[in-house]
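Student: Quick one: the structure is below, questions incoming.
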Amino acid sequence: MEAGDIEGRQCDGAVTLAFSILGKRWNGMILDVLGSGPASYVALRRGVPGISDAVLSDRLAELADAGLVVRDVDAGPPVAVTYALTPGGLELVPVLSRLADWARANLGHPAAV
């Protein structure tokens with residue numbers, strides 16, 4: 001076994017891990033909306049048309065567990081909850097933008113969601 005083989009498998013593992021989160025429907029759109037700055041739950045719901053409340057809540061929790069999104073609660077009154085990208089999430093925004101550029105150039109037009 002050569003050193004390059006081991007490095008390749010580690011890269012494959014890292015890419016598999018990344019796509020286990022980023023490959024889920026809606027996660028890219030949520031990250032894209034938050035790439036413009038912190039947003040309330042309602043603003044996210046409007047920014048990601050077609051997503052249900054249950055799925056949005058689930059995806060936000062998953063993205064928070066992955067360290068990409070942080071939830072901030074302002075006790076108010078009134079209570080206000082906002083979501084924002086972590087530094088790691090912010091690093092991902094240009095990567096997703098480049099991936100979108102690549103997809104448009106190489107995969108044709110995306111199918112309607």
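We label chains A, B, ... in the order they appear in the structure tokens, count residues from 1 in each chain, and number ligands from 1 in the order shown.
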Range 58-64 of chain A: which residues within 12 Å, counting only C-alpha atoms, same-chain residues fewer than 4 positions away excluded, as a VMD selection string?

Tutor: chain A and resid 18 20 to 31 34 39 to 41 44 to 45 48 51 to 54 68 to 72 82 to 86 88 to 89

Student: Could the residues in this selection be saved with N, CA and C atoms as a compact mmCIF listing (two decimals), in the first residue's frame?

Tutor:
# COMPACT_ATOMS: atom_id res chain seq x y z
N ALA A 18 -18.55 15.63 4.42
CA ALA A 18 -19.08 16.93 4.00
C ALA A 18 -20.40 16.76 3.26
N SER A 20 -22.47 14.31 3.44
CA SER A 20 -23.53 13.76 4.28
C SER A 20 -24.35 14.89 4.90
N ILE A 21 -23.74 16.06 5.04
CA ILE A 21 -24.45 17.23 5.56
C ILE A 21 -24.91 18.13 4.41
N LEU A 22 -24.00 18.46 3.52
CA LEU A 22 -24.30 19.40 2.45
C LEU A 22 -25.19 18.80 1.36
N GLY A 23 -25.19 17.49 1.26
CA GLY A 23 -25.97 16.83 0.22
C GLY A 23 -27.45 16.69 0.55
N LYS A 24 -27.82 17.01 1.76
CA LYS A 24 -29.23 16.90 2.13
C LYS A 24 -30.02 18.06 1.54
N ARG A 25 -31.20 17.73 1.07
CA ARG A 25 -32.05 18.75 0.47
C ARG A 25 -32.27 19.89 1.47
N TRP A 26 -32.23 21.08 0.99
CA TRP A 26 -32.46 22.34 1.70
C TRP A 26 -31.24 22.90 2.39
N ASN A 27 -30.27 22.08 2.80
CA ASN A 27 -29.14 22.61 3.56
C ASN A 27 -28.37 23.68 2.80
N GLY A 28 -28.15 23.47 1.52
CA GLY A 28 -27.45 24.46 0.71
C GLY A 28 -28.20 25.78 0.65
N MET A 29 -29.52 25.70 0.52
CA MET A 29 -30.33 26.91 0.45
C MET A 29 -30.32 27.65 1.79
N ILE A 30 -30.37 26.91 2.88
CA ILE A 30 -30.33 27.53 4.21
C ILE A 30 -29.00 28.25 4.39
N LEU A 31 -27.91 27.58 4.04
CA LEU A 31 -26.58 28.20 4.17
C LEU A 31 -26.47 29.42 3.26
N LEU A 34 -28.28 32.32 4.93
CA LEU A 34 -27.51 32.81 6.07
C LEU A 34 -26.18 33.43 5.63
N ALA A 39 -30.39 35.65 10.32
CA ALA A 39 -31.79 35.69 9.92
C ALA A 39 -32.66 35.04 10.98
N SER A 40 -33.87 35.53 11.09
CA SER A 40 -34.85 34.92 11.99
C SER A 40 -35.39 33.65 11.33
N TYR A 41 -36.07 32.86 12.11
CA TYR A 41 -36.70 31.65 11.59
C TYR A 41 -37.66 32.00 10.45
N LEU A 44 -35.82 32.87 7.33
CA LEU A 44 -35.32 31.65 6.70
C LEU A 44 -36.44 30.91 5.97
N ARG A 45 -37.59 30.85 6.60
CA ARG A 45 -38.74 30.16 6.00
C ARG A 45 -39.10 30.83 4.67
N VAL A 48 -36.32 30.15 1.92
CA VAL A 48 -36.23 28.77 1.43
C VAL A 48 -37.65 28.30 1.10
N ILE A 51 -39.99 24.66 1.94
CA ILE A 51 -39.56 23.84 3.08
C ILE A 51 -40.64 23.90 4.16
N SER A 52 -40.89 22.78 4.80
CA SER A 52 -41.87 22.76 5.89
C SER A 52 -41.21 23.22 7.18
N ASP A 53 -42.02 23.63 8.14
CA ASP A 53 -41.50 24.07 9.44
C ASP A 53 -40.70 22.95 10.11
N ALA A 54 -41.22 21.73 10.07
CA ALA A 54 -40.55 20.60 10.73
C ALA A 54 -39.19 20.34 10.10
N LEU A 68 -21.90 24.57 11.83
CA LEU A 68 -22.00 25.52 10.73
C LEU A 68 -22.92 26.69 11.03
N VAL A 69 -23.86 26.48 11.94
CA VAL A 69 -24.87 27.48 12.26
C VAL A 69 -24.95 27.61 13.78
N VAL A 70 -25.19 28.84 14.23
CA VAL A 70 -25.40 29.08 15.65
C VAL A 70 -26.76 29.72 15.83
N ARG A 71 -27.43 29.34 16.91
CA ARG A 71 -28.75 29.87 17.25
C ARG A 71 -28.57 30.84 18.40
N ASP A 72 -29.07 32.07 18.24
CA ASP A 72 -28.94 33.10 19.27
C ASP A 72 -30.33 33.49 19.75
N THR A 82 -32.45 34.28 16.40
CA THR A 82 -31.81 34.46 15.09
C THR A 82 -30.80 33.34 14.88
N TYR A 83 -30.55 33.07 13.63
CA TYR A 83 -29.59 32.06 13.22
C TYR A 83 -28.52 32.76 12.40
N ALA A 84 -27.28 32.30 12.58
CA ALA A 84 -26.16 32.89 11.85
C ALA A 84 -25.14 31.80 11.56
N LEU A 85 -24.31 32.06 10.57
CA LEU A 85 -23.24 31.13 10.26
C LEU A 85 -22.10 31.30 11.26
N THR A 86 -21.49 30.20 11.63
CA THR A 86 -20.28 30.22 12.44
C THR A 86 -19.11 30.57 11.52
N GLY A 88 -16.81 28.64 10.59
CA GLY A 88 -16.71 27.51 9.66
C GLY A 88 -17.78 27.57 8.59
N GLY A 89 -18.97 27.98 8.96
CA GLY A 89 -20.04 28.15 7.99
C GLY A 89 -19.74 29.25 7.00

Student: Please identify which residues in chain A DSSP calls helix (DSSP H, G or I) from the backbone, and express them as an NGL selection string.

Tutor: :A and (3-22 or 27-34 or 41-47 or 53-65 or 87-107)

Student: Among the residues of range 26-87 of chain A, find those DSSP assigns to strand (DSSP E) from the backbone and print them as a ChimeraX atom specification.

Tutor: /A:39-40,69-74,80-85

Student: If you keep C-alpha atoms, can you produce a file of those selected residues as a compact mmCIF listing (two decimals), in the first residue's frame?

Tutor:
# COMPACT_ATOMS: atom_id res chain seq x y z
CA ALA A 39 -31.79 35.69 9.92
CA SER A 40 -34.85 34.92 11.99
CA VAL A 69 -24.87 27.48 12.26
CA VAL A 70 -25.40 29.08 15.65
CA ARG A 71 -28.75 29.87 17.25
CA ASP A 72 -28.94 33.10 19.27
CA VAL A 73 -31.84 33.74 21.64
CA ASP A 74 -32.53 37.29 22.82
CA ALA A 80 -36.20 36.87 19.38
CA VAL A 81 -34.31 33.94 17.87
CA THR A 82 -31.81 34.46 15.09
CA TYR A 83 -29.59 32.06 13.22
CA ALA A 84 -26.16 32.89 11.85
CA LEU A 85 -23.24 31.13 10.26

Student: Would you work out the distance separating CA of Ser36 in chain A from CA of Pro87 in chain A, expressed in Å to one decimal?

Tutor: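 Result for CA of Ser36 in chain A versus CA of Pro87 in chain A: 13.6 Å, one decimal.
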
Student: Rounded to one decimal in Å, what is the spacing between CA of Asp12 in chain A and CA of Leu99 in chain A?

Tutor: 17.1 Å
